[in-house]
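**Student:** Structure file work.pdb (PDB, C-alpha atoms) right here:
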ATOM      1  CA  MET A   1       0.000   0.000   0.000
ATOM      2  CA  ASP A   2       1.511   3.337  -1.045
ATOM      3  CA  GLN A   3       0.935   6.905   0.063
ATOM      4  CA  THR A   4      -1.667   7.407  -2.674
ATOM      5  CA  ASP A   5      -3.773   4.643  -1.161
ATOM      6  CA  GLN A   6      -3.457   6.270   2.259
ATOM      7  CA  HIS A   7      -4.571   9.641   0.872
ATOM      8  CA  VAL A   8      -7.642   8.021  -0.694
ATOM      9  CA  LEU A   9      -8.335   6.225   2.588
ATOM     10  CA  LYS A  10      -8.086   9.461   4.581
ATOM     11  CA  THR A  11     -10.422  11.189   2.132
ATOM     12  CA  ALA A  12     -12.959   8.391   2.571
ATOM     13  CA  TYR A  13     -12.900   8.715   6.350
ATOM     14  CA  ASP A  14     -13.202  12.494   6.130
ATOM     15  CA  ALA A  15     -16.288  12.030   3.978
ATOM     16  CA  ALA A  16     -17.753   9.531   6.441
ATOM     17  CA  ALA A  17     -17.311  12.065   9.230
ATOM     18  CA  THR A  18     -19.389  14.627   7.373
ATOM     19  CA  THR A  19     -22.333  12.214   7.358
ATOM     20  CA  GLN A  20     -21.778  11.473  11.064
ATOM     21  CA  GLU A  21     -21.297   7.767  10.442
ATOM     22  CA  ASP A  22     -18.669   5.617  12.140
ATOM     23  CA  ALA A  23     -16.417   4.427   9.367
ATOM     24  CA  CYS A  24     -16.245   0.778  10.397
ATOM     25  CA  CYS A  25     -19.681  -0.754  10.681
ATOM     26  CA  GLY A  26     -21.743   2.123   9.311
ATOM     27  CA  SER A  27     -24.441   4.126  11.012
ATOM     28  CA  GLY A  28     -25.594   1.155  13.087
ATOM     29  CA  GLY A  29     -22.244   0.971  14.811
ATOM     30  CA  CYS A  30     -20.329  -2.157  15.679
ATOM     31  CA  ALA A  31     -22.762  -3.179  18.398
ATOM     32  CA  ALA A  32     -25.338  -3.879  15.710
ATOM     33  CA  CYS A  33     -23.158  -6.559  14.183
ATOM     34  CA  GLY A  34     -23.218  -8.974  17.117
ATOM     35  CA  ASP A  35     -20.442 -10.967  18.749
ATOM     36  CA  GLY A  36     -19.226 -14.413  17.868
ATOM     37  CA  PRO A  37     -18.272 -17.350  20.061
ATOM     38  CA  ALA A  38     -15.074 -17.331  22.068
ATOM     39  CA  GLN A  39     -12.038 -19.039  20.590
ATOM     40  CA  PRO A  40     -10.130 -21.221  23.088
ATOM     41  CA  ALA A  41      -7.121 -19.403  24.548
ATOM     42  CA  GLY A  42      -3.683 -19.939  23.107
ATOM     43  CA  GLY A  43      -3.649 -17.887  19.931
ATOM     44  CA  VAL A  44      -3.718 -20.839  17.501
ATOM     45  CA  VAL A  45      -6.563 -20.617  14.985
ATOM     46  CA  SER A  46      -7.406 -24.064  13.664
ATOM     47  CA  LYS A  47      -9.120 -24.777  10.360
ATOM     48  CA  ALA A  48     -11.716 -26.754  12.289
ATOM     49  CA  PHE A  49     -12.568 -23.722  14.411
ATOM     50  CA  LYS A  50     -12.902 -21.508  11.349
ATOM     51  CA  ALA A  51     -15.203 -24.005   9.718
ATOM     52  CA  ASN A  52     -17.491 -24.106  12.746
ATOM     53  CA  VAL A  53     -17.979 -20.378  13.265
ATOM     54  CA  PRO A  54     -21.743 -19.897  12.653
ATOM     55  CA  ASP A  55     -22.553 -17.837   9.578
ATOM     56  CA  SER A  56     -25.157 -15.886  11.555
ATOM     57  CA  TYR A  57     -22.515 -14.048  13.568
ATOM     58  CA  GLY A  58     -21.211 -12.172  10.528
ATOM     59  CA  LEU A  59     -18.657  -9.388  10.536
ATOM     60  CA  SER A  60     -18.271  -7.221  13.575
ATOM     61  CA  CYS A  61     -15.663  -4.628  14.299
ATOM     62  CA  GLY A  62     -15.780  -6.308  17.697
ATOM     63  CA  ASP A  63     -15.868  -4.753  21.128
ATOM     64  CA  PRO A  64     -12.319  -4.220  22.416
ATOM     65  CA  VAL A  65     -13.610  -2.023  25.233
ATOM     66  CA  ALA A  66     -15.590  -4.878  26.755
ATOM     67  CA  LEU A  67     -12.915  -7.458  26.029
ATOM     68  CA  ALA A  68     -10.210  -5.336  27.693
ATOM     69  CA  GLU A  69     -11.948  -5.571  31.089
ATOM     70  CA  LEU A  70     -10.959  -2.008  31.904
ATOM     71  CA  ALA A  71     -10.469  -1.013  35.518
ATOM     72  CA  GLU A  72     -11.035   2.304  37.250
ATOM     73  CA  GLY A  73      -8.006   4.575  37.081
ATOM     74  CA  GLU A  74      -6.416   3.039  33.979
ATOM     75  CA  THR A  75      -5.023   5.062  31.086
ATOM     76  CA  VAL A  76      -6.336   3.819  27.740
ATOM     77  CA  LEU A  77      -5.211   4.642  24.203
ATOM     78  CA  ASP A  78      -7.596   4.076  21.270
ATOM     79  CA  LEU A  79      -5.859   3.715  17.898
ATOM     80  CA  GLY A  80      -7.870   5.132  15.020
ATOM     81  CA  SER A  81     -10.512   6.520  17.350
ATOM     82  CA  GLY A  82     -12.802   7.885  14.625
ATOM     83  CA  SER A  83     -15.858   9.661  15.994
ATOM     84  CA  GLY A  84     -14.988   8.591  19.534
ATOM     85  CA  ARG A  85     -17.480   5.851  20.341
ATOM     86  CA  ASP A  86     -14.941   3.507  21.968
ATOM     87  CA  VAL A  87     -13.219   6.399  23.718
ATOM     88  CA  PHE A  88     -16.431   7.445  25.436
ATOM     89  CA  SER A  89     -17.320   3.862  26.368
ATOM     90  CA  ALA A  90     -13.886   3.349  27.895
ATOM     91  CA  ALA A  91     -14.039   6.687  29.720
ATOM     92  CA  ARG A  92     -17.073   5.573  31.694
ATOM     93  CA  LEU A  93     -15.261   2.431  32.818
ATOM     94  CA  VAL A  94     -11.972   4.040  33.908
ATOM     95  CA  GLY A  95     -13.787   6.823  35.782
ATOM     96  CA  THR A  96     -12.543  10.130  37.083
ATOM     97  CA  ARG A  97      -9.147   8.735  38.055
ATOM     98  CA  GLY A  98      -8.616   7.264  34.589
ATOM     99  CA  ARG A  99      -7.900   8.756  31.194
ATOM    100  CA  VAL A 100      -8.707   7.810  27.593
ATOM    101  CA  ILE A 101      -6.799   9.195  24.595
ATOM    102  CA  GLY A 102      -7.986   8.767  21.022
ATOM    103  CA  VAL A 103      -5.573   9.131  18.088
ATOM    104  CA  ASP A 104      -6.781   9.485  14.495
ATOM    105  CA  PHE A 105      -5.343  10.754  11.204
ATOM    106  CA  SER A 106      -8.601  12.294   9.959
ATOM    107  CA  ALA A 107      -9.071  15.922  10.930
ATOM    108  CA  SER A 108     -12.766  15.659  10.101
ATOM    109  CA  MET A 109     -13.221  12.634  12.343
ATOM    110  CA  LEU A 110     -11.377  14.410  15.139
ATOM    111  CA  GLU A 111     -13.609  17.462  14.748
ATOM    112  CA  LEU A 112     -16.686  15.240  15.001
ATOM    113  CA  ALA A 113     -15.261  13.429  18.027
ATOM    114  CA  ARG A 114     -14.554  16.690  19.834
ATOM    115  CA  GLU A 115     -18.083  17.908  19.148
ATOM    116  CA  ARG A 116     -19.452  14.703  20.652
ATOM    117  CA  GLU A 117     -16.989  15.024  23.523
ATOM    118  CA  GLN A 118     -18.761  18.149  24.733
ATOM    119  CA  ASP A 119     -22.089  16.320  24.843
ATOM    120  CA  PHE A 120     -20.439  13.368  26.581
ATOM    121  CA  ARG A 121     -18.934  15.558  29.278
ATOM    122  CA  GLU A 122     -22.211  17.338  29.946
ATOM    123  CA  GLU A 123     -24.135  14.060  30.121
ATOM    124  CA  SER A 124     -21.591  12.015  32.116
ATOM    125  CA  GLY A 125     -19.910  14.640  34.262
ATOM    126  CA  LEU A 126     -16.547  13.192  33.177
ATOM    127  CA  ALA A 127     -13.640  15.161  31.723
ATOM    128  CA  ASN A 128     -11.222  12.276  31.194
ATOM    129  CA  THR A 129     -11.027  12.122  27.385
ATOM    130  CA  GLU A 130      -8.651  13.627  24.851
ATOM    131  CA  PHE A 131      -8.297  13.407  21.068
ATOM    132  CA  ARG A 132      -5.007  13.843  19.221
ATOM    133  CA  GLU A 133      -4.254  13.969  15.513
ATOM    134  CA  GLY A 134      -1.532  11.569  14.486
ATOM    135  CA  ASN A 135      -0.282   8.529  12.644
ATOM    136  CA  ILE A 136      -0.775   5.343  14.644
ATOM    137  CA  ALA A 137       2.556   4.087  13.270
ATOM    138  CA  ASP A 138       4.223   7.095  14.941
ATOM    139  CA  LEU A 139       2.139   7.804  18.020
ATOM    140  CA  PRO A 140       2.130  11.226  19.711
ATOM    141  CA  LEU A 141       2.620   9.702  23.189
ATOM    142  CA  PHE A 142       5.545   9.173  25.555
ATOM    143  CA  ASN A 143       7.050   5.771  26.257
ATOM    144  CA  ALA A 144       5.220   3.608  28.798
ATOM    145  CA  SER A 145       2.338   6.071  29.158
ATOM    146  CA  ALA A 146      -0.683   3.748  28.792
ATOM    147  CA  ASP A 147      -2.053   0.756  30.656
ATOM    148  CA  VAL A 148      -4.176  -0.483  27.752
ATOM    149  CA  VAL A 149      -4.125   0.028  23.977
ATOM    150  CA  ILE A 150      -7.291  -0.769  22.039
ATOM    151  CA  ALA A 151      -8.041  -0.690  18.310
ATOM    152  CA  ASN A 152     -11.192  -1.397  16.338
ATOM    153  CA  CYS A 153     -10.847  -2.378  12.664
ATOM    154  CA  VAL A 154      -8.018  -0.041  11.772
ATOM    155  CA  ILE A 155      -4.568  -1.650  11.914
ATOM    156  CA  ASN A 156      -4.978  -3.827   8.828
ATOM    157  CA  LEU A 157      -5.634  -0.643   6.842
ATOM    158  CA  CYS A 158      -2.116   0.612   7.637
ATOM    159  CA  PRO A 159       0.844   0.125   5.279
ATOM    160  CA  ASP A 160       3.131  -1.205   8.043
ATOM    161  CA  ARG A 161       1.298  -3.258  10.666
ATOM    162  CA  ILE A 162       4.503  -4.207  12.470
ATOM    163  CA  ALA A 163       5.313  -0.515  12.977
ATOM    164  CA  VAL A 164       1.877   0.041  14.530
ATOM    165  CA  PHE A 165       2.248  -2.924  16.865
ATOM    166  CA  ARG A 166       5.724  -1.777  17.904
ATOM    167  CA  GLU A 167       4.400   1.700  18.639
ATOM    168  CA  ALA A 168       1.623   0.158  20.745
ATOM    169  CA  LEU A 169       4.280  -1.828  22.611
ATOM    170  CA  ARG A 170       6.370   1.309  23.155
ATOM    171  CA  VAL A 171       3.591   3.367  24.726
ATOM    172  CA  LEU A 172       2.382   0.576  27.021
ATOM    173  CA  HIS A 173       3.625   0.161  30.564
ATOM    174  CA  PRO A 174       5.500  -3.118  31.133
ATOM    175  CA  GLY A 175       2.762  -5.694  31.616
ATOM    176  CA  GLY A 176       0.254  -3.475  29.815
ATOM    177  CA  ARG A 177      -2.192  -5.050  27.405
ATOM    178  CA  LEU A 178      -3.207  -4.711  23.794
ATOM    179  CA  VAL A 179      -6.833  -5.600  22.975
ATOM    180  CA  LEU A 180      -8.061  -5.205  19.419
ATOM    181  CA  SER A 181     -10.506  -6.283  16.766
ATOM    182  CA  ASP A 182      -9.639  -6.169  13.088
ATOM    183  CA  LEU A 183     -10.730  -7.386   9.687
ATOM    184  CA  VAL A 184      -8.550 -10.198   8.338
ATOM    185  CA  LEU A 185      -8.535 -11.634   4.831
ATOM    186  CA  GLU A 186      -7.406 -15.111   3.921
ATOM    187  CA  ASP A 187      -4.977 -15.366   1.010
ATOM    188  CA  ASP A 188      -7.109 -15.080  -2.085
ATOM    189  CA  PRO A 189      -6.477 -14.241  -5.758
ATOM    190  CA  GLY A 190      -9.099 -11.509  -5.473
ATOM    191  CA  LYS A 191      -6.876  -9.490  -3.123
ATOM    192  CA  THR A 192      -4.413  -8.831  -5.926
ATOM    193  CA  GLN A 193      -7.122  -6.935  -7.788
ATOM    194  CA  LEU A 194      -7.522  -4.473  -4.941
ATOM    195  CA  ALA A 195      -4.076  -2.972  -5.505
ATOM    196  CA  GLY A 196      -5.341  -1.463  -8.762
ATOM    197  CA  ASN A 197      -8.492   0.015  -7.238
ATOM    198  CA  THR A 198      -8.808   3.768  -7.055
ATOM    199  CA  ASP A 199     -11.159   3.771  -4.055
ATOM    200  CA  ALA A 200     -10.385   3.152  -0.397
ATOM    201  CA  SER A 201     -10.681  -0.635  -0.750
ATOM    202  CA  ALA A 202      -7.133  -0.606  -2.179
ATOM    203  CA  ALA A 203      -5.992  -0.357   1.430
ATOM    204  CA  TYR A 204      -6.913  -4.026   1.871
ATOM    205  CA  ALA A 205      -4.723  -5.231  -1.005
ATOM    206  CA  THR A 206      -2.084  -6.298   1.516
ATOM    207  CA  ALA A 207      -4.379  -7.188   4.422
ATOM    208  CA  LEU A 208      -3.071 -10.031   6.564
ATOM    209  CA  SER A 209      -4.576 -13.443   7.038
ATOM    210  CA  CYS A 210      -5.603 -14.474  10.544
ATOM    211  CA  GLU A 211      -2.426 -16.471  11.166
ATOM    212  CA  ALA A 212      -0.153 -13.783   9.694
ATOM    213  CA  TYR A 213      -1.842 -11.127  11.835
ATOM    214  CA  ILE A 214      -1.175 -13.082  15.025
ATOM    215  CA  GLU A 215       2.423 -13.643  13.994
ATOM    216  CA  ALA A 216       2.876  -9.897  13.360
ATOM    217  CA  VAL A 217       1.722  -9.122  16.906
ATOM    218  CA  ARG A 218       4.275 -11.590  18.264
ATOM    219  CA  GLU A 219       7.026 -10.295  15.970
ATOM    220  CA  ALA A 220       6.500  -6.792  17.361
ATOM    221  CA  GLY A 221       7.412  -8.111  20.807
ATOM    222  CA  PHE A 222       4.078  -8.911  22.448
ATOM    223  CA  THR A 223       3.611 -12.048  24.504
ATOM    224  CA  ASP A 224       0.611 -14.004  25.775
ATOM    225  CA  VAL A 225      -1.231 -13.532  22.475
ATOM    226  CA  GLN A 226      -4.740 -14.961  22.742
ATOM    227  CA  VAL A 227      -7.513 -15.103  20.157
ATOM    228  CA  LEU A 228     -10.715 -14.032  21.873
ATOM    229  CA  ARG A 229     -13.208 -14.159  19.022
ATOM    230  CA  LEU A 230     -13.287 -14.997  15.347
ATOM    231  CA  GLN A 231     -16.317 -14.048  13.261
ATOM    232  CA  ARG A 232     -17.125 -14.545   9.600
ATOM    233  CA  TYR A 233     -18.119 -11.652   7.407
ATOM    234  CA  GLN A 234     -21.835 -11.531   6.604
ATOM    235  CA  ASP A 235     -23.543  -9.572   3.844
ATOM    236  CA  GLY A 236     -24.831  -6.183   4.981
ATOM    237  CA  GLN A 237     -22.919  -6.063   8.246
ATOM    238  CA  ALA A 238     -20.660  -3.237   7.062
ATOM    239  CA  CYS A 239     -23.186  -1.051   5.290
ATOM    240  CA  GLY A 240     -21.940   2.512   5.060
ATOM    241  CA  ASP A 241     -18.293   1.536   5.420
ATOM    242  CA  PRO A 242     -16.331   3.679   2.942
ATOM    243  CA  VAL A 243     -13.549   1.089   2.731
ATOM    244  CA  THR A 244     -15.474  -2.133   2.159
ATOM    245  CA  SER A 245     -18.491  -0.928   0.195
ATOM    246  CA  GLY A 246     -16.937  -1.897  -3.130
ATOM    247  CA  ILE A 247     -15.535  -5.296  -2.181
ATOM    248  CA  GLN A 248     -18.487  -7.109  -0.644
ATOM    249  CA  GLU A 249     -18.051 -10.208  -2.811
ATOM    250  CA  LEU A 250     -14.434 -10.621  -1.747
ATOM    251  CA  LEU A 251     -15.304 -10.122   1.921
ATOM    252  CA  LEU A 252     -18.131 -12.638   1.816
ATOM    253  CA  ARG A 253     -15.724 -15.158   0.384
ATOM    254  CA  SER A 254     -12.634 -14.512   2.447
ATOM    255  CA  ALA A 255     -13.051 -12.106   5.392
ATOM    256  CA  ALA A 256     -13.476 -12.461   9.133
ATOM    257  CA  SER A 257     -13.233 -10.252  12.196
ATOM    258  CA  LEU A 258     -10.493 -11.226  14.633
ATOM    259  CA  SER A 259     -10.422 -10.106  18.273
ATOM    260  CA  LEU A 260      -7.283 -10.762  20.278
ATOM    261  CA  SER A 261      -5.356  -9.713  23.373
ATOM    262  CA  ALA A 262      -1.637  -9.562  24.083
ATOM    263  CA  ARG A 263       0.741  -8.120  26.685
ATOM    264  CA  ARG A 264       3.944  -6.112  26.778
ATOM    265  CA  PRO A 265       6.532  -8.210  28.648
ATOM    266  CA  LEU A 266       7.429  -7.122  32.154
TER     267      LEU A 266
END
Before anything else, please render the file you have as structure tokens.

**Tutor:**
Amino acid sequence: MDQTDQHVLKTAYDAAATTQEDACCGSGGCAACGDGPAQPAGGVVSKAFKANVPDSYGLSCGDPVALAELAEGETVLDLGSGSGRDVFSAARLVGTRGRVIGVDFSASMLELAREREQDFREESGLANTEFREGNIADLPLFNASADVVIANCVINLCPDRIAVFREALRVLHPGGRLVLSDLVLEDDPGKTQLAGNTDASAAYATALSCEAYIEAVREAGFTDVQVLRLQRYQDGQACGDPVTSGIQELLLRSAASLSLSARRPL
């Protein structure tokens, strides 16, 4: 994926912000997609498990906030925070002694998130959120400044996933945890066609398979990698998504949503 693809991707997310839609699961949000069954711990995804994931679960961006089991007082970083939904959910869980930082590369998404932040603060009485513009492969945070890093369907859109995972490792405290959900694509001849696309779907031309994604997390230095959920893509579950709207056939054939956790070594 080159810089042209990233510019097109950013433009697509900016456009999604103007319609006040979250750019992952559409206007219904990820909660509308449903959650799949838990994968046994250990991080090894077997073919038998893949084959037995019920079709009815479909694609979900997942719910890294719930899966992270956030505690009061923790500092949380949300990669690719979009309009802020996960940031606000996490902020309620970490409370007044905690802090949640969202980082996104779309100025329009950040503007929308900050508008919603005002409503959130008035409604909740909390002032523990912050949004920063930045590249998640070069995070605007100090070393060891977060207890938890979450991400929701964003890392596999980046040109260098290893760089993102290493940045997540850098900003975590020793023993801190990474909890994410992401779209994964099995190796498929159709992926090669995406590289020539002129829309945002070109970002998925180099998307990782499930196994390769897990290996990339380990290669970045994380330990205790565990697959939490694995869910097949289902038609209509990503309506409104500016990235996947043009590649539904490919996703139906080859895509799934992976949720996993990992830790920075002590």

**Student:** To one decimal place, how far is CA of Gln234 (chain A) from CA of Ser81 (chain A) in Å?

**Tutor:** 23.9 Å

**Student:** Excluding same-chain residues fewer than 6 positions from Val154 (chain A), what lies within 9 Å of it counting only C-alpha atoms, as a PyMOL selection string?

**Tutor:** chain A and resi 24+79-81+181-183

**Student:** May I ask for the distance between CA of Ser89 (chain A) and CA of Leu139 (chain A), given in Å to one decimal place?

**Tutor:**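 Distance reported for this atom pair: 21.5 Å.
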
**Student:** Of the candidates A:Ala144, A:Leu126, A:Leu185, A:Leu157, which one gets nearest to Arg253 (chain A) if we count all atoms listed in the file?

**Tutor:**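 Looking only at the distances to Arg253 (chain A), the closest residue turns out to be A:Leu185.
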
**Student:** So, counting all atoms listed in the file, which residue among A:Thr244, A:Gln226, A:Ser209, A:Asn135 is closest to Ala256 (chain A)?

**Tutor:**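 Checking each candidate against Ala256 (chain A), we get A:Ser209 as the closest.
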